[in-house]
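Shown next: final.cif, containing mmCIF, C-alpha atoms.
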```cif
data_final
#
loop_
_atom_site.label_atom_id
_atom_site.label_comp_id
_atom_site.auth_asym_id
_atom_site.auth_seq_id
_atom_site.Cartn_x
_atom_site.Cartn_y
_atom_site.Cartn_z
CA MET D 444 -78.17 20.56 25.64
CA GLY D 445 -75.09 21.47 27.63
CA HIS D 446 -72.63 20.57 24.82
CA ALA D 447 -70.94 23.95 24.99
CA PHE D 448 -68.26 23.18 27.55
CA ALA D 449 -67.31 19.90 25.86
CA LYS D 450 -66.98 21.57 22.50
CA GLU D 451 -63.20 21.71 22.35
CA HIS D 452 -63.21 17.90 22.35
CA ARG D 453 -66.15 17.57 20.00
CA MET D 454 -66.94 18.50 16.48
CA PHE D 455 -70.14 20.21 15.62
CA ILE D 456 -71.47 18.40 12.57
CA GLN D 457 -74.39 19.99 10.80
CA THR D 458 -76.86 18.00 8.75
CA GLU D 459 -78.77 19.23 5.73
CA THR D 460 -81.61 17.59 3.88
CA THR D 461 -81.38 17.03 0.14
CA PRO D 462 -84.13 16.77 -2.51
CA ASN D 463 -83.87 12.99 -2.03
CA PRO D 464 -85.40 11.93 1.32
CA ALA D 465 -83.10 8.89 1.36
CA THR D 466 -80.00 11.11 1.24
CA LEU D 467 -78.75 13.34 4.02
CA LYS D 468 -75.79 15.70 3.92
CA PHE D 469 -73.37 15.90 6.84
CA LEU D 470 -71.15 18.97 7.16
CA PRO D 471 -68.25 18.38 9.55
CA GLY D 472 -67.11 22.02 9.38
CA ARG D 473 -63.77 21.10 7.85
CA THR D 474 -62.34 19.91 4.56
CA VAL D 475 -63.42 16.42 3.58
CA LEU D 476 -61.80 16.05 0.14
CA ALA D 477 -59.23 18.58 -1.02
CA HIS D 478 -59.76 17.61 -4.67
CA GLY D 479 -62.69 16.21 -6.56
CA THR D 480 -65.44 14.00 -5.18
CA LEU D 481 -65.84 10.32 -4.42
CA ASP D 482 -69.03 8.37 -4.91
CA MET D 483 -69.12 4.96 -3.27
CA ARG D 484 -72.17 2.78 -3.72
CA ASP D 485 -71.03 -0.32 -1.89
CA ALA D 486 -68.57 -1.51 0.73
CA ALA D 487 -66.15 -2.72 -1.97
CA ALA D 488 -65.90 0.78 -3.45
CA ALA D 489 -65.59 2.17 0.07
CA ALA D 490 -62.31 0.30 0.52
CA GLN D 491 -60.57 3.36 -0.96
CA SER D 492 -61.73 5.52 1.93
CA PRO D 493 -61.29 4.62 5.61
CA LEU D 494 -64.07 7.08 6.45
CA ALA D 495 -66.51 5.46 4.00
CA GLU D 496 -65.50 1.98 5.21
CA ARG D 497 -66.41 3.02 8.72
CA LEU D 498 -69.76 4.38 7.54
CA PHE D 499 -70.59 1.23 5.56
CA THR D 500 -70.38 -0.81 8.76
CA ILE D 501 -73.63 0.88 9.81
CA ASN D 502 -76.67 -1.15 8.76
CA GLY D 503 -78.89 0.52 6.19
CA ILE D 504 -76.18 2.63 4.51
CA ALA D 505 -76.43 2.32 0.72
CA GLY D 506 -74.08 5.02 -0.49
CA VAL D 507 -71.44 7.47 0.69
CA PHE D 508 -70.52 10.52 -1.38
CA LEU D 509 -67.59 12.66 -0.31
CA GLY D 510 -67.41 16.29 -1.42
CA SER D 511 -65.11 19.19 -0.61
CA ASP D 512 -66.67 19.95 2.77
CA PHE D 513 -69.53 17.48 3.12
CA ILE D 514 -70.41 13.80 3.26
CA SER D 515 -73.70 12.75 1.66
CA ILE D 516 -75.12 9.50 2.91
CA THR D 517 -77.84 7.51 1.21
CA LYS D 518 -79.79 4.98 3.22
CA SER D 519 -81.50 1.86 1.95
CA GLU D 520 -83.61 1.31 5.04
CA GLY D 521 -84.22 2.53 8.56
CA GLU D 522 -85.10 5.95 9.90
CA TRP D 523 -82.72 8.89 10.00
CA GLN D 524 -83.32 9.45 13.70
CA GLN D 525 -81.92 5.94 14.34
CA LEU D 526 -79.13 6.19 11.77
CA LYS D 527 -77.99 9.73 12.50
CA PRO D 528 -76.31 9.10 15.89
CA ALA D 529 -74.34 6.17 14.44
CA ILE D 530 -73.28 8.24 11.41
CA LEU D 531 -72.35 11.26 13.51
CA GLY D 532 -70.39 9.01 15.84
CA ALA D 533 -68.52 7.37 12.95
CA VAL D 534 -67.68 10.71 11.32
CA MET D 535 -66.54 12.22 14.60
CA GLU D 536 -64.44 9.20 15.52
CA HIS D 537 -62.86 9.26 12.11
CA PHE D 538 -61.85 12.92 12.26
CA MET D 539 -60.66 12.56 15.85
CA SER D 540 -58.57 9.51 14.98
CA GLY D 541 -56.59 11.54 12.45
CA SER D 542 -56.66 8.71 9.91
CA PRO D 543 -56.88 9.80 6.26
CA ILE D 544 -60.20 10.34 4.51
CA VAL D 545 -58.93 8.42 1.50
CA HIS D 546 -56.05 6.01 1.12
CA ASP D 547 -53.29 7.72 -0.76
CA GLU D 548 -53.51 6.03 -4.12
CA THR D 549 -50.83 7.33 -6.38
CA GLY D 550 -50.43 6.33 -9.98
CA ALA D 551 -52.77 6.11 -12.92
CA GLY D 552 -54.98 3.46 -11.38
CA SER D 553 -56.31 5.68 -8.64
CA ALA D 554 -60.07 5.53 -8.46
CA GLU D 555 -61.83 8.59 -9.87
CA ALA D 556 -59.07 10.92 -8.67
CA GLU D 557 -58.94 14.11 -10.70
CA PHE D 558 -55.66 15.46 -11.94
CA PHE D 559 -54.78 19.03 -12.89
CA GLU D 560 -52.20 21.59 -11.94
CA THR D 561 -52.91 24.16 -9.28
CA LYS D 562 -52.43 27.00 -11.77
CA ASP D 563 -55.30 25.53 -13.82
CA THR D 564 -57.75 25.46 -10.91
CA GLU D 565 -59.90 28.28 -12.31
CA THR D 566 -59.90 26.82 -15.81
CA VAL D 567 -60.89 23.44 -14.40
CA ALA D 568 -63.69 25.04 -12.37
CA THR D 569 -65.08 26.55 -15.60
CA ILE D 570 -64.74 23.26 -17.49
CA LYS D 571 -66.53 21.36 -14.70
CA GLU D 572 -69.26 23.98 -14.52
CA LEU D 573 -69.86 23.61 -18.28
CA ILE D 574 -69.91 19.83 -18.06
CA GLU D 575 -72.38 19.96 -15.15
CA THR D 576 -74.72 22.51 -16.71
CA ARG D 577 -74.46 21.84 -20.47
CA VAL D 578 -73.08 18.38 -21.11
CA ARG D 579 -74.42 16.09 -18.39
CA PRO D 580 -78.09 17.09 -18.71
CA ALA D 581 -77.88 16.43 -22.46
CA VAL D 582 -76.36 12.96 -22.13
CA ALA D 583 -78.50 12.02 -19.13
CA ASN D 584 -81.49 11.88 -21.50
CA ASP D 585 -79.69 9.11 -23.36
CA GLY D 586 -78.89 7.23 -20.17
CA GLY D 587 -75.24 8.16 -20.19
CA ASP D 588 -73.04 10.21 -17.97
CA ILE D 589 -69.89 12.18 -18.52
CA THR D 590 -67.62 13.25 -15.72
CA PHE D 591 -64.51 15.35 -15.64
CA ARG D 592 -61.35 13.37 -14.89
CA GLY D 593 -58.47 15.72 -15.54
CA PHE D 594 -56.90 18.57 -17.45
CA ARG D 595 -53.32 18.55 -18.61
CA GLU D 596 -51.56 20.65 -21.25
CA GLY D 597 -54.81 21.79 -22.84
CA ILE D 598 -56.34 18.32 -22.96
CA VAL D 599 -59.54 17.65 -21.05
CA TYR D 600 -59.93 14.02 -19.95
CA LEU D 601 -63.49 12.82 -19.52
CA ASP D 602 -65.04 9.65 -18.25
CA MET D 603 -67.88 8.59 -20.53
CA LYS D 604 -70.21 6.11 -18.87
CA GLY D 605 -73.39 4.29 -19.66
CA ALA D 606 -75.09 4.64 -23.01
CA CYS D 607 -72.47 6.97 -24.40
CA ALA D 608 -69.50 4.77 -23.55
CA GLY D 609 -70.03 1.84 -25.87
CA CYS D 610 -70.80 3.18 -29.33
CA PRO D 611 -67.82 4.68 -31.16
CA SER D 612 -69.82 6.91 -33.52
CA SER D 613 -71.74 8.62 -30.76
CA THR D 614 -68.57 8.97 -28.69
CA ALA D 615 -66.79 10.70 -31.57
CA THR D 616 -69.74 13.03 -32.23
CA LEU D 617 -70.16 13.68 -28.55
CA ARG D 618 -66.49 14.30 -28.00
CA HIS D 619 -66.43 16.71 -30.93
CA GLY D 620 -69.47 18.56 -29.59
CA ILE D 621 -68.02 18.82 -26.09
CA GLN D 622 -64.67 19.89 -27.52
CA ASN D 623 -66.30 22.72 -29.49
CA LEU D 624 -68.34 23.81 -26.48
CA LEU D 625 -65.36 23.85 -24.12
CA ARG D 626 -63.05 25.52 -26.62
CA HIS D 627 -65.63 28.23 -27.19
CA TYR D 628 -65.74 29.13 -23.49
CA VAL D 629 -62.29 28.07 -22.37
CA PRO D 630 -59.56 29.14 -24.81
CA ASP D 631 -56.99 26.97 -22.98
CA VAL D 632 -58.75 23.78 -24.11
CA VAL D 633 -57.07 22.14 -27.09
CA GLU D 634 -58.67 18.73 -27.15
CA VAL D 635 -61.12 16.46 -25.34
CA ARG D 636 -60.21 12.82 -24.76
CA PRO D 637 -62.16 10.03 -23.13
CA MET D 638 -60.34 8.15 -20.38
CA SER D 639 -60.14 4.61 -21.57
#
```
Is it possible to give me this structure as structure tokens?
Amino acid sequence: MGHAFAKEHRMFIQTETTPNPATLKFLPGRTVLAHGTLDMRDAAAAAQSPLAERLFTINGIAGVFLGSDFISITKSEGEWQQLKPAILGAVMEHFMSGSPIVHDETGAGSAEAEFFETKDTETVATIKELIETRVRPAVANDGGDITFRGFREGIVYLDMKGACAGCPSSTATLRHGIQNLLRHYVPDVVEVRPMS
């Protein structure tokens, strides 16, 4: 109550529940990640994001996922009503401090950063949509996962994890299948390559 007059100094962060009771979505009302997403499951992974590092200092935080305009937080223990004020405080402090959401990691070794040219944004959106709706559900059954990494000069770069990463024959078959699927819907796609 009575937050209205202090609003110019405060952010209004909305929270949303997710199908997983251990995960809560925080919407700061501004851009979180301009490109791609970041999934950090431990404090070591969080080192790439000052915001996630700050969140991992809160006891009971098991995962931080950054999206375009939201932060999903997964807890390992504790109750949301105890955790929420600490999380809201950390998010607010972070945005107010003006420090970056992620450390600027340039070069090929950047963690999970996606690469594509601005002119290909729509093509990439279609490719990602197809991977989410057609490819990932199919490989999830086999305990694998495939994520989009980048698109350059007609080549789609994918990250193949889990069961589908290790065995060359399945990777080749899979890659061929994905390539045919993407080429069918997205004429700009020439080839699919796994990121190795």
For Gly620 (chain D): contacts at 12 Å, only C-alpha atoms, fewer than 4 positions along chain excluded, given as a ChimeraX atom specification: /D:574,577-578,581-582,613-616,624-627,634-636
Selection above as a file: C-alpha atoms, as a compact mmCIF listing (two decimals), in the coordinates of the input:
```txt
# COMPACT_ATOMS: atom_id res chain seq x y z
CA ILE D 574 -69.91 19.83 -18.06
CA ARG D 577 -74.46 21.84 -20.47
CA VAL D 578 -73.08 18.38 -21.11
CA ALA D 581 -77.88 16.43 -22.46
CA VAL D 582 -76.36 12.96 -22.13
CA SER D 613 -71.74 8.62 -30.76
CA THR D 614 -68.57 8.97 -28.69
CA ALA D 615 -66.79 10.70 -31.57
CA THR D 616 -69.74 13.03 -32.23
CA LEU D 624 -68.34 23.81 -26.48
CA LEU D 625 -65.36 23.85 -24.12
CA ARG D 626 -63.05 25.52 -26.62
CA HIS D 627 -65.63 28.23 -27.19
CA GLU D 634 -58.67 18.73 -27.15
CA VAL D 635 -61.12 16.46 -25.34
CA ARG D 636 -60.21 12.82 -24.76
```
Within 7 Å of Lys468 (chain D) using all atoms listed in the file, minus same-chain residues under 6 positions, as a list in words: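 Final neighbour list, sorted by chain and number: Thr458, Glu459, Thr460, Thr461, Phe513, Ile514, Ser515 and Ile516 of chain D.
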CA of Arg618 (chain D) to CA of Glu575 (chain D), straight-line distance in Å: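 Straight-line distance from CA of Glu575 (chain D) to CA of Arg618 (chain D) works out to 15.2 Å.
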Pick from D:Phe499, D:Phe591, D:Phe455, D:Phe508 nearest to Ile530 (chain D), counting only C-alpha atoms: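 Nearest to Ile530 (chain D): D:Phe499.
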Using all atoms listed in the file: which of D:Pro637, D:Pro493, D:Pro580, D:Pro630 has the shortest distance to Lys604 (chain D): D:Pro637
Selection result for the PyMOL selection byres ((chain D and resi 476-479) around 8) on this file, as a ChimeraX atom specification: /D:474-475,480-481,509-512,544,556-557
Computed interatomic separation between CA of Leu470 (chain D) and CA of Ala583 (chain D) (Å):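 Separating CA of Leu470 (chain D) from CA of Ala583 (chain D) is a distance of 28.2 Å.
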Atom pair CA of Pro471 (chain D) / CA of Trp523 (chain D): separation (Å):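 About the pair CA of Pro471 (chain D) and CA of Trp523 (chain D): they are 17.3 Å apart.
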Selection dump of the PyMOL selection byres ((chain D and resi 538) around 12), as number ranges by chain: D: 452-456, 471-475, 493-494, 497, 531-537, 539-544
Glu496 (chain D) surroundings by all atoms listed in the file, 10 Å radius, close-in-sequence under 2 positions cut, as number ranges by chain: D: 483, 485-494, 498-501, 507, 533, 544-545
Top pick for closest residue to Gly586 (chain D), considering D:Met603, D:Val567, D:Asn623, D:Thr561 and counting all atoms listed in the file: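 Among the listed residues, the smallest separation from Gly586 (chain D) belongs to D:Met603.
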Closest of D:Lys527, D:Lys562, D:Lys518, D:Lys571 to Leu601 (chain D) - atom-to-atom distances counting all atoms listed in the file: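 So, comparing all the options, the nearest one is D:Lys571.
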Test item: axis-aligned box, all listed atoms of region 508-522 of chain D, 8 Å on each side, centre and edges in Å rounded to one decimal, as AutoDock Vina command-line options:
```
--center_x -75.1 --center_y 10.6 --center_z 4.2 --size_x 36.0 --size_y 34.6 --size_z 27.3
```
From D:Asp602, D:Asp588, D:Thr566, D:Thr517, residue lying nearest Val632 (chain D) [only C-alpha atoms]: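 Nearest candidate to Val632 (chain D) out of D:Asp602, D:Asp588, D:Thr566, D:Thr517: D:Thr566.
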